[in-house]
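Peer 1: My questions will all concern the structure given below.
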Amino acid sequence: MKRQFLIVIALITFTAKGQNKTTDPIYQLRVYEIFESNKNQFHERFRDHAMRIMKKYNFKITSIWESKSDKKTEFVYFLEWPDETTMKKAWEGFKSDQEWIAIKKEFTAKYGDVVGNIEDRILTKTDYSPK
């Protein structure tokens, strides 16, 4: 009886460990073309509104940059997600958020388009990436 009990405990422990596998997070790179004529309004919208609403959907922004070349100005940011399913669900929620829809509409009416081309890339670490 004691042996059977130990076998059951071992199986439960093994099964629990198998179900709690941790996977490496995925990262998302977003690059927005922004315009010098209304760059400040873009930053205001992102900083004061988008980031606040993104928090409701558990976005984890890890860093934000601005990049400028002779031809264009870009707004670049990284997000970290536990998995692709979570990422897709969060983006669906954010894009359909009524407050966000109203803010985009208001800013576009006031300032015109504040974002041009958008690039979106999902990044997964290689097995030899530094930790």
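All residue names refer to the structure tokens as shown: chains lettered A, B, ... in order, residues numbered from 1 in each chain, ligands numbered from 1 in order.
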Find the spatial neighbours of stretch 21-36 of chain A, counting only C-alpha atoms, within a cut-off of 9 Å - ignore same-chain residues fewer than 4 positions away - and output them as a JSON list (two decimals) with C-alpha atoms, in the first residue's frame.

Peer 2:
[["chain", "number", "residue", "atom", "x", "y", "z"],
["A", 17, "LYS", "CA", 6.00, 19.42, -13.66],
["A", 40, "ASN", "CA", 4.44, 65.85, -31.03],
["A", 42, "PHE", "CA", 1.71, 61.34, -32.21],
["A", 72, "LYS", "CA", 11.83, 59.64, -42.50],
["A", 73, "THR", "CA", 11.27, 59.54, -38.77],
["A", 74, "GLU", "CA", 10.27, 56.27, -37.13],
["A", 75, "PHE", "CA", 8.85, 55.37, -33.75],
["A", 76, "VAL", "CA", 10.08, 51.95, -32.64],
["A", 77, "TYR", "CA", 9.08, 49.85, -29.66],
["A", 78, "PHE", "CA", 9.46, 46.32, -28.30],
["A", 79, "LEU", "CA", 6.83, 44.30, -26.52],
["A", 80, "GLU", "CA", 7.23, 41.07, -24.57],
["A", 81, "TRP", "CA", 4.51, 38.40, -24.57],
["A", 82, "PRO", "CA", 4.25, 35.01, -22.86],
["A", 83, "ASP", "CA", 3.04, 33.47, -26.15],
["A", 84, "GLU", "CA", 1.52, 34.31, -29.52],
["A", 87, "MET", "CA", -0.42, 38.60, -27.98],
["A", 113, "ASP", "CA", -2.79, 61.07, -40.06],
["A", 114, "VAL", "CA", -0.15, 60.84, -37.34],
["A", 115, "VAL", "CA", 1.10, 57.41, -38.45],
["A", 116, "GLY", "CA", 2.20, 56.28, -41.90],
["A", 117, "ASN", "CA", 3.51, 52.81, -42.66],
["A", 118, "ILE", "CA", 3.50, 50.28, -39.78],
["A", 119, "GLU", "CA", 5.83, 47.29, -39.61],
["A", 120, "ASP", "CA", 5.11, 44.45, -37.20],
["A", 121, "ARG", "CA", 7.50, 41.58, -36.52],
["A", 122, "ILE", "CA", 7.30, 38.69, -34.09],
["A", 123, "LEU", "CA", 10.70, 37.67, -32.77],
["A", 124, "THR", "CA", 11.59, 34.37, -31.13],
["A", 125, "LYS", "CA", 14.99, 33.80, -29.57]]

Peer 1: Any idea what's packed within 8 Å of stretch 49-58 of chain A, counting only C-alpha atoms, ignoring anything in its chain fewer than 2 positions away? Could you give it as an mmCIF file with all heavy atoms, in the first residue's frame?

Peer 2:
data_model
loop_
_atom_site.group_PDB
_atom_site.id
_atom_site.type_symbol
_atom_site.label_atom_id
_atom_site.label_comp_id
_atom_site.auth_asym_id
_atom_site.auth_seq_id
_atom_site.Cartn_x
_atom_site.Cartn_y
_atom_site.Cartn_z
ATOM 1 N N GLU A 44 2.121 62.441 -27.996
ATOM 2 C CA GLU A 44 1.082 62.698 -26.993
ATOM 3 C C GLU A 44 0.047 61.572 -27.002
ATOM 4 O O GLU A 44 -0.322 61.046 -25.954
ATOM 5 C CB GLU A 44 0.399 64.038 -27.285
ATOM 6 C CG GLU A 44 -0.759 64.348 -26.354
ATOM 7 C CD GLU A 44 -1.548 65.576 -26.796
ATOM 8 O OE1 GLU A 44 -1.026 66.401 -27.574
ATOM 9 O OE2 GLU A 44 -2.700 65.690 -26.359
ATOM 10 N N ARG A 45 -0.412 61.219 -28.186
ATOM 11 C CA ARG A 45 -1.431 60.159 -28.295
ATOM 12 C C ARG A 45 -0.912 58.830 -27.774
ATOM 13 O O ARG A 45 -1.583 58.133 -27.025
ATOM 14 C CB ARG A 45 -1.885 60.032 -29.757
ATOM 15 C CG ARG A 45 -3.043 59.066 -29.927
ATOM 16 C CD ARG A 45 -3.484 58.989 -31.362
ATOM 17 N NE ARG A 45 -2.709 57.987 -32.078
ATOM 18 C CZ ARG A 45 -2.986 57.582 -33.305
ATOM 19 N NH1 ARG A 45 -3.994 58.111 -33.985
ATOM 20 N NH2 ARG A 45 -2.250 56.664 -33.879
ATOM 21 N N PHE A 46 0.317 58.474 -28.147
ATOM 22 C CA PHE A 46 0.865 57.186 -27.712
ATOM 23 C C PHE A 46 1.136 57.187 -26.213
ATOM 24 O O PHE A 46 0.717 56.277 -25.489
ATOM 25 C CB PHE A 46 2.148 56.844 -28.483
ATOM 26 C CG PHE A 46 2.544 55.403 -28.324
ATOM 27 C CD1 PHE A 46 2.039 54.441 -29.174
ATOM 28 C CD2 PHE A 46 3.396 55.009 -27.307
ATOM 29 C CE1 PHE A 46 2.375 53.095 -29.014
ATOM 30 C CE2 PHE A 46 3.744 53.677 -27.131
ATOM 31 C CZ PHE A 46 3.231 52.718 -27.993
ATOM 32 N N ARG A 47 1.830 58.211 -25.742
ATOM 33 C CA ARG A 47 2.233 58.291 -24.326
ATOM 34 C C ARG A 47 1.025 58.401 -23.395
ATOM 35 O O ARG A 47 0.938 57.703 -22.384
ATOM 36 C CB ARG A 47 3.157 59.500 -24.137
ATOM 37 C CG ARG A 47 3.642 59.710 -22.720
ATOM 38 C CD ARG A 47 4.354 61.057 -22.557
ATOM 39 N NE ARG A 47 3.446 62.166 -22.863
ATOM 40 C CZ ARG A 47 3.660 63.051 -23.843
ATOM 41 N NH1 ARG A 47 4.734 63.012 -24.589
ATOM 42 N NH2 ARG A 47 2.783 64.015 -24.059
ATOM 43 N N LYS A 60 3.114 44.485 -22.420
ATOM 44 C CA LYS A 60 4.357 44.737 -21.683
ATOM 45 C C LYS A 60 5.355 45.362 -22.657
ATOM 46 O O LYS A 60 6.054 44.666 -23.400
ATOM 47 C CB LYS A 60 4.921 43.451 -21.087
ATOM 48 C CG LYS A 60 6.162 43.694 -20.256
ATOM 49 C CD LYS A 60 6.685 42.411 -19.641
ATOM 50 C CE LYS A 60 7.951 42.680 -18.848
ATOM 51 N NZ LYS A 60 8.529 41.422 -18.363
ATOM 52 N N ALA A 90 -4.655 40.153 -26.971
ATOM 53 C CA ALA A 90 -4.462 41.512 -26.454
ATOM 54 C C ALA A 90 -4.632 42.546 -27.562
ATOM 55 O O ALA A 90 -5.285 43.575 -27.369
ATOM 56 C CB ALA A 90 -3.084 41.634 -25.804
ATOM 57 N N TRP A 91 -4.055 42.272 -28.732
ATOM 58 C CA TRP A 91 -4.195 43.212 -29.844
ATOM 59 C C TRP A 91 -5.647 43.329 -30.294
ATOM 60 O O TRP A 91 -6.117 44.423 -30.624
ATOM 61 C CB TRP A 91 -3.294 42.821 -31.016
ATOM 62 C CG TRP A 91 -1.902 43.360 -30.862
ATOM 63 C CD1 TRP A 91 -0.772 42.647 -30.560
ATOM 64 C CD2 TRP A 91 -1.494 44.722 -30.971
ATOM 65 N NE1 TRP A 91 0.311 43.489 -30.476
ATOM 66 C CE2 TRP A 91 -0.104 44.775 -30.731
ATOM 67 C CE3 TRP A 91 -2.164 45.909 -31.249
ATOM 68 C CZ2 TRP A 91 0.619 45.958 -30.763
ATOM 69 C CZ3 TRP A 91 -1.446 47.096 -31.278
ATOM 70 C CH2 TRP A 91 -0.072 47.116 -31.044
ATOM 71 N N GLY A 93 -8.288 42.990 -28.423
ATOM 72 C CA GLY A 93 -8.950 43.813 -27.409
ATOM 73 C C GLY A 93 -8.607 45.276 -27.561
ATOM 74 O O GLY A 93 -9.486 46.147 -27.529
ATOM 75 N N PHE A 94 -7.333 45.567 -27.751
ATOM 76 C CA PHE A 94 -6.893 46.960 -27.888
ATOM 77 C C PHE A 94 -7.507 47.614 -29.120
ATOM 78 O O PHE A 94 -8.059 48.718 -29.046
ATOM 79 C CB PHE A 94 -5.367 47.030 -27.959
ATOM 80 C CG PHE A 94 -4.843 48.413 -28.210
ATOM 81 C CD1 PHE A 94 -4.874 49.371 -27.211
ATOM 82 C CD2 PHE A 94 -4.322 48.758 -29.447
ATOM 83 C CE1 PHE A 94 -4.395 50.656 -27.443
ATOM 84 C CE2 PHE A 94 -3.835 50.032 -29.686
ATOM 85 C CZ PHE A 94 -3.877 50.989 -28.684
ATOM 86 N N TRP A 100 -10.164 53.757 -27.359
ATOM 87 C CA TRP A 100 -9.065 53.907 -28.306
ATOM 88 C C TRP A 100 -9.588 54.324 -29.687
ATOM 89 O O TRP A 100 -9.008 55.199 -30.344
ATOM 90 C CB TRP A 100 -8.242 52.635 -28.399
ATOM 91 C CG TRP A 100 -7.142 52.727 -29.406
ATOM 92 C CD1 TRP A 100 -6.955 51.952 -30.504
ATOM 93 C CD2 TRP A 100 -6.069 53.676 -29.425
ATOM 94 N NE1 TRP A 100 -5.843 52.345 -31.200
ATOM 95 C CE2 TRP A 100 -5.273 53.411 -30.562
ATOM 96 C CE3 TRP A 100 -5.698 54.733 -28.599
ATOM 97 C CZ2 TRP A 100 -4.147 54.157 -30.884
ATOM 98 C CZ3 TRP A 100 -4.571 55.479 -28.926
ATOM 99 C CH2 TRP A 100 -3.817 55.184 -30.051
ATOM 100 N N ILE A 103 -10.407 58.010 -29.553
ATOM 101 C CA ILE A 103 -9.195 58.841 -29.484
ATOM 102 C C ILE A 103 -8.541 58.930 -30.861
ATOM 103 O O ILE A 103 -8.157 60.015 -31.305
ATOM 104 C CB ILE A 103 -8.213 58.287 -28.425
ATOM 105 C CG1 ILE A 103 -8.768 58.555 -27.028
ATOM 106 C CG2 ILE A 103 -6.824 58.892 -28.587
ATOM 107 C CD1 ILE A 103 -8.070 57.796 -25.922
#

Peer 1: Could you check the closest approach to A:Lys39 for each of A:Ile101, A:Phe59, A:Lys88, A:Glu66 and tell me which residue wins, using only C-alpha atoms?

Peer 2: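 Using only C-alpha atoms, the shortest distance to A:Lys39 belongs to A:Glu66.
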
Peer 1: Between atom CA of A:Trp65 and atom CA of A:Asn38, measure the distance and give it in Å to one decimal.

Peer 2: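 Those two atoms sit 17.0 Å apart.
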
Peer 1: In chain A, what's helix (DSSP H, G or I) per DSSP? Answer as a VMD selection string?

Peer 2: chain A and resid 2 to 19 36 to 56 84 to 95 98 to 111

Peer 1: Among the residues of stretch 16-52 of chain A, find those DSSP assigns to strand (DSSP E or B) from the backbone and print them as a list in words.

Peer 2: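 Answer for stretch 16-52 of chain A, restricted to strand (DSSP E or B): Ile26, Tyr27, Gln28, Leu29, Arg30, Val31, Tyr32, Glu33 and Ile34 of chain A.
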
Peer 1: So the first atom is atom CA of A:Ser37 and the second is atom CA of A:Thr62; what is the distance between them in Å, to one decimal place?

Peer 2: 27.2 Å
